[in-house]
Amino acid sequence: MEFLLAIAIGVLGGSGVWLVLRPRTFQVVMGLALLSYAVNLFIFSIGSLVINRPPLVVPGQPADLAHYTDPMPQSLVLTAIVIGFATTALFLVVLLAARGLSGTDHVDGDVDP
Amino acid sequence: MSLFLLLILPFAASVVTALLPTRARTMLAGTTGAVCAVLAVWVISLFPRIQDGGVLRESIPWVPSLGLELVLRVDGLAWMFAVVVTVIGALVCLYARYYMSPNDPIARFYSLFLAFMGAMLGVVLSGNLLQLVVFWELTSLVSFLLIGYWHHRVDAQRGARMALIVTGSGGLCLLAGVILLGQIVGSFDLDQVLASGERIRAHALYPVMLVLVLLGAFTKSAQFPFHFWLPRAMAAPTPVSAYLHSATMVKAGVFLMARFWPVLSGTELWFWLVGGVGATTLLLGAYAAMFQHDLKRVLAYSTISHLGLITLLFGLNSPLAAVAGVFHIMNHATFKASLFMAAGIVDHETGTRDIRRLNGLFAAMPRTGVLALVATAAMAGVPLLNGFLSKEMFFAETVFLSSHPGVELVLPVLATLASMFAVVYSLRFGYDIFFGEPSTELPRVPEEPPLWMRVPVMFLVLVCLVVGIVPGISIGPSLAAAAVPVVGGDLPAYSLVLWHGVTPPLVMSLIAVISGIVAYRWLRAQHVRGRLQDTPVVSRFNGRILFEGALVAATRMARAIVRMTSTQRLQPQLFVVILTALGLALLAARGLPLGWGDRERLAASHEFVLLWIIGMVCAVGAAATAKYHRLVAITLMGGAGLCTCLTFAWFSAPDLALTQLVVEVVTTTLFLLGLRWLPMRHQDMTVRIAGRDHLRRGRDLLLALLAGSGLATLSFALLTRPAPNSISPFFLDRALPEGGGSNVVNVMLVDFRALDTLGEITVLGAVALTVYALLRRFRPPPESVSRPRQQRAVSSQTETDLLPPRHDQDAGGYLLVPAMISRMLLPAALVVAAHFFLRGHNQPGGGFVAGLTIAISLLLLYVVSGTRWVEARTELKLARWIAIGLLLGAGTGMGAILLGYPFLTSHTAHLTLPLVGEIHFPSATFFDLGVMVVVVGATLLILTSIAHQSIRSHRPVAQARQEAD
């Protein structure tokens, strides 16, 4: 599981980096979205992988990491998911506006050859 | 009353005047004048308490652990300056009421004027050196705004910028000097500094510190070689010049020298630096003043010269000279302010300030003429006026100074020469414009100004006369009080009387006056013949040219550096960012044991392997198709998102899974909406890719592979090595008893980390508003505006499902069934959202998920029924949702403060309701409600803003354009 997830994070991140370096605005936005998946999973995985022990406190059970998964990375990632949506939206709109102004969807505003 | 009130009053009044109607001249002048008058009376009333060397002192501890205090300190010198600042401020305020045109934005003027007065009071009353520097820089800043008051004029822009750069950089030097001084003394407190003269002068860093402090003083007081900014600053409105450039701001430099005279003076270095710069400035300013044709520039150069005189006096290292310096500060402020005002009156009434065009004005404006002539005489140093007295003291000092033989010989000659120049330029200012044939071709017919415009001048001229005739009674006590702190305790013997008998100074005065008159007649004759229009010799190489050259060179160099080291292209920038991140990560890994840990691992299940095979195919597929097949890429990315979501669910993170799911829906919708405005792109197999592009792709691919494998390695290492001690048990432990909820993640979000969440929803709201604002001026590319080819092929008359409905009545159309279903779904979705919200504190759910669920259910209506249909039926006012949500969130936090707890502390009420049983009702629920409302507002505002672009009016315009083509 751990190995597989690590590979998955690597593939998501690598695809994201590749797209971020592309010249078209749409590719860059997609790349950012993929990168955010990779990073969210990465942060989430810091809390180690636990099955069937969600951080929902059950009365009578001792409140430690042996009985629940780590809630900390989860709360960080929850914030990151929503913020990620906001930044993606902002980027997309900025790039749309840039496209309207420059007449091209190249990231540097270059006219197509 | 507290001295701090004295300092706060002008700043408070500045804010108030800024809010008054901008053209209400009388109301503004009245308010400002009243404040100035109150301040002036207040300051003057402090006299008995400082008269005999007393010092008033008040302090407010600010950062006591660092020894930082706000200190206000009034001694004789500070008092004298405060009187000048407030009294002349009041007079200028009255004058400006009549000088400024009704078309000027007067509120800005008076507001800045008051702010300047406050800053200046801050400089003179500061009892802490750092505090003094802060106010010092504030005067530079406000003076920048005041000089540039008519900001549409190029000369005002340039003059303001030059003044700011020169005085501002001087201020930075002063800051450095003051820090050194504080290090030498061990304290920034003025009293302690003034008590450690011996130590300061003996310290190894004394020369460095002295030069830095003097750089501050010289730039501010327009001393050579920094004098050039003052004539340029004459682009300011005349009241500003009368206030800043005669009485206050330029005096800050000499104030500083007077302030530190007891501790810094007395050394050879001081003598040569201060005396030398002062003497040069005195002579150069007076010389240049003779050749100016603009009334205000004559005054500006004369001010430079007089400031040089004061600097020279302080530089002579003699207590008597220092007293003369203090005396001349007062005298110069009175006659120069009145002269600026007189010049302003002439300008105001005739429309020009050119001395060559102005002649014989006495007939038209005799009263102003008399006032101007008396003030000019004071400037020239004519007996019976205050300027004469301080000039005589100066002459006496130059004659009786015991110093180097060369200096003893040169100084009296230099003083007489400068005084002769002063007579010449005074005659040019006074005699030239008021006597002779009355000029006829003036822009305006000259006449007397309103009485109240003359009153401030009258008052100042009266002061000149009274001080000049009965100095002992009128100014004696104030001068003594002001000079005591400067000379450091014991006043030297001096006598303030008009007649000392026939003494060398009197002879020097006589020589200066007679030779000045002769020189004036000669100069006038030359001018009539059209010669000597520019300042001979020095006009060619002056500080201004050096300054502008340096500025250009600095700009060029900065540009060159930027060109060499930076790029505006995004691709190389991102490449470097990622490469650097990778490099830093490798650098950080250096020396650490590399290898996997042996933490207990979970056995992989087939389903999970399958899931991530799909997920990785989706990710790589999205990367490959994003260029030519955007819809495919969006779909694949959604697939990768769903895999992420399932992973969250798999590993005990139900909240994350829920949130990821709903965010996935809105993100996909977002991309789909954006697609419409992107250009068409077809893969053209015939175009061959150049070798350079191949190379770049290879490079990018390598970097992507490296980054990906780095991430994979890192996360695998993290997952397998033993976890360090976590603070998480704290949250698990406290969530129920203190947070009142069993869903720890939610409790953390809305309680433990509520401030973080508040910041997050603020960002969300800000992003939504930014998106809205950006798209309001959105200019779509023309080819995106017209309908797609497939739709254009169908005639608009045809009954067809290929065209989207054009009226909200046909919202049904071919989408009738989905529309009905989506409408029926809405209440159900809202119930689900409410369910998520209500149970959020104890079970997976919460404000984010609930908000997004509501947003999605409304979004469905938009998608299926169309924007017009939805908005014809509801008005959502999304910006208001954001505002209400933020207020709710912040208000919940503030509620805790009201009850005496820190911001955002939550409280849980445990209620027992009939039927329901015991429920926990934490105050964080309101916070979560705020989160939900913001999320609904922000998400929908973002998405509908993009959606609205399709139905905006630019369509017909662009269509018409296309048809015309």
# chains A, B, ... in the order shown; residues from 1 in each chain; ligands from 1

$ select_by_dssp --residues "range 4-121 of chain B" --states "alpha helix (DSSP H)" --output "PyMOL selection string"
chain B and resi 4-19+25-45+47-50+76-99+106-121

$ residues_around --residues "range 29-42 of chain A" --least-positions-apart "2" --cutoff "6 Å" --atoms "only C-alpha atoms" --output "PyMOL selection string"
chain A and resi 9+12-13+16+19-20+26-27+44-45+77

$ write_last_selection --atoms "C-alpha atoms" --output "short mmCIF file (atom, residue, chain, number, x, y, z; two decimals), in the first residue's frame"
data_model
loop_
_atom_site.label_atom_id
_atom_site.label_comp_id
_atom_site.auth_asym_id
_atom_site.auth_seq_id
_atom_site.Cartn_x
_atom_site.Cartn_y
_atom_site.Cartn_z
CA ILE A 9 2.12 10.56 -5.58
CA LEU A 12 0.75 12.74 -10.08
CA GLY A 13 3.54 15.16 -9.15
CA GLY A 16 1.91 18.09 -12.79
CA LEU A 19 2.29 20.28 -17.46
CA VAL A 20 3.33 23.32 -15.46
CA PHE A 26 -4.62 25.50 -20.08
CA GLN A 27 -1.81 23.01 -19.63
CA PHE A 44 -2.09 13.35 4.08
CA SER A 45 0.28 10.41 3.96
CA VAL A 77 -5.38 18.96 3.80
#

$ interface_residues --of "chain A" --to "chain B" --cutoff "7 Å" --atoms "only C-alpha atoms" --output "ChimeraX atom specification"
/A:1-3,6-15,17-19,21,23,27,37,42,45-46,48-57,63-65,69-72,74-75,78,81,83,85-86,90,93,96-97,100-101,103,107-108

$ write_last_selection --atoms "C-alpha atoms" --output "PDB file, in the first residue's frame"
ATOM      1  CA  MET A   1       0.000   0.000   0.000  1.00  0.00           C
ATOM      2  CA  GLU A   2       2.668   2.452   1.096  1.00  0.00           C
ATOM      3  CA  PHE A   3       4.791   1.746  -1.938  1.00  0.00           C
ATOM      4  CA  ALA A   6       4.258   6.722  -2.953  1.00  0.00           C
ATOM      5  CA  ILE A   7       4.478   5.807  -6.634  1.00  0.00           C
ATOM      6  CA  ALA A   8       1.053   7.343  -7.242  1.00  0.00           C
ATOM      7  CA  ILE A   9       2.125  10.560  -5.582  1.00  0.00           C
ATOM      8  CA  GLY A  10       5.254  10.586  -7.711  1.00  0.00           C
ATOM      9  CA  VAL A  11       3.298  10.034 -10.931  1.00  0.00           C
ATOM     10  CA  LEU A  12       0.753  12.737 -10.083  1.00  0.00           C
ATOM     11  CA  GLY A  13       3.539  15.155  -9.147  1.00  0.00           C
ATOM     12  CA  GLY A  14       5.651  14.357 -12.169  1.00  0.00           C
ATOM     13  CA  SER A  15       2.692  14.817 -14.544  1.00  0.00           C
ATOM     14  CA  VAL A  17       5.462  19.373 -13.155  1.00  0.00           C
ATOM     15  CA  TRP A  18       5.536  18.437 -16.805  1.00  0.00           C
ATOM     16  CA  LEU A  19       2.287  20.284 -17.465  1.00  0.00           C
ATOM     17  CA  LEU A  21       6.351  23.712 -17.709  1.00  0.00           C
ATOM     18  CA  PRO A  23       3.667  26.796 -22.940  1.00  0.00           C
ATOM     19  CA  GLN A  27      -1.815  23.015 -19.629  1.00  0.00           C
ATOM     20  CA  TYR A  37      -3.538  16.302  -5.776  1.00  0.00           C
ATOM     21  CA  PHE A  42       1.674  13.700   0.293  1.00  0.00           C
ATOM     22  CA  SER A  45       0.277  10.409   3.963  1.00  0.00           C
ATOM     23  CA  ILE A  46       2.543  11.968   6.585  1.00  0.00           C
ATOM     24  CA  SER A  48       0.574   7.258   8.036  1.00  0.00           C
ATOM     25  CA  LEU A  49      -1.951   4.986   6.402  1.00  0.00           C
ATOM     26  CA  VAL A  50      -4.600   3.584   8.712  1.00  0.00           C
ATOM     27  CA  ILE A  51      -7.693   1.664   7.737  1.00  0.00           C
ATOM     28  CA  ASN A  52     -11.043   1.925   9.508  1.00  0.00           C
ATOM     29  CA  ARG A  53     -10.006   4.201  12.340  1.00  0.00           C
ATOM     30  CA  PRO A  54     -11.399   7.623  11.352  1.00  0.00           C
ATOM     31  CA  PRO A  55     -10.769  10.468  13.792  1.00  0.00           C
ATOM     32  CA  LEU A  56     -14.320  10.359  15.137  1.00  0.00           C
ATOM     33  CA  VAL A  57     -14.081  10.048  18.904  1.00  0.00           C
ATOM     34  CA  ALA A  63      -7.831   8.987  22.700  1.00  0.00           C
ATOM     35  CA  ASP A  64      -4.459   8.104  21.232  1.00  0.00           C
ATOM     36  CA  LEU A  65      -2.947   7.352  17.852  1.00  0.00           C
ATOM     37  CA  THR A  69      -5.712   7.945  12.692  1.00  0.00           C
ATOM     38  CA  ASP A  70      -3.831  11.211  12.939  1.00  0.00           C
ATOM     39  CA  PRO A  71      -6.347  14.078  12.546  1.00  0.00           C
ATOM     40  CA  MET A  72      -3.708  16.746  12.076  1.00  0.00           C
ATOM     41  CA  GLN A  74      -6.365  15.710   7.607  1.00  0.00           C
ATOM     42  CA  SER A  75      -7.348  19.104   8.891  1.00  0.00           C
ATOM     43  CA  LEU A  78      -9.031  19.887   4.165  1.00  0.00           C
ATOM     44  CA  ILE A  81      -8.374  21.303  -0.888  1.00  0.00           C
ATOM     45  CA  ILE A  83      -7.880  26.816  -1.070  1.00  0.00           C
ATOM     46  CA  PHE A  85     -10.023  25.197  -5.702  1.00  0.00           C
ATOM     47  CA  ALA A  86      -9.883  28.944  -5.107  1.00  0.00           C
ATOM     48  CA  LEU A  90      -8.157  32.498  -9.877  1.00  0.00           C
ATOM     49  CA  VAL A  93      -9.650  33.498 -14.800  1.00  0.00           C
ATOM     50  CA  LEU A  96      -8.629  33.754 -19.577  1.00  0.00           C
ATOM     51  CA  ALA A  97      -8.310  37.499 -19.123  1.00  0.00           C
ATOM     52  CA  GLY A 100      -8.572  38.103 -24.084  1.00  0.00           C
ATOM     53  CA  LEU A 101      -5.989  40.865 -23.878  1.00  0.00           C
ATOM     54  CA  GLY A 103      -5.019  37.284 -28.253  1.00  0.00           C
ATOM     55  CA  VAL A 107       1.808  31.790 -21.141  1.00  0.00           C
ATOM     56  CA  ASP A 108       4.087  34.604 -22.219  1.00  0.00           C
TER      57      ASP A 108
END

$ residues_around --residues "range 452-455 of chain B" --least-positions-apart "2" --cutoff "10 Å" --atoms "only C-alpha atoms" --output "list of chain:residue names"
B:Leu91, B:Val92, B:Leu94, B:Tyr95, B:Ala96, B:Arg97, B:Tyr98, B:Tyr99, B:Ser338, B:Met341, B:Ala342, B:Gly344, B:Ile345, B:Arg367, B:Thr368, B:Leu371, B:Glu448, B:Pro449, B:Pro450, B:Val457, B:Met458, B:Phe459, B:Leu460, B:Val461

$ closest_residue --among "B:Gly476, B:Gly900, B:Gly315, B:Gly759" --to "Leu401 in chain B" --atoms "only C-alpha atoms"
B:Gly315

$ residues_around --residues "Ser419 in chain B" --least-positions-apart "6" --cutoff "8 Å" --atoms "only C-alpha atoms" --output "number ranges by chain"
B: 380, 509, 512-513

$ residues_around --residues "range 191-196 of chain B" --least-positions-apart "3" --cutoff "12 Å" --atoms "only C-alpha atoms" --output "number ranges by chain"
B: 55-57, 71-75, 126-129, 178-188, 199-203, 258-265, 485-489

$ atom_distance --atom1 "CA of Lys220 in chain B" --atom2 "CA of Phe109 in chain B"
21.7 Å
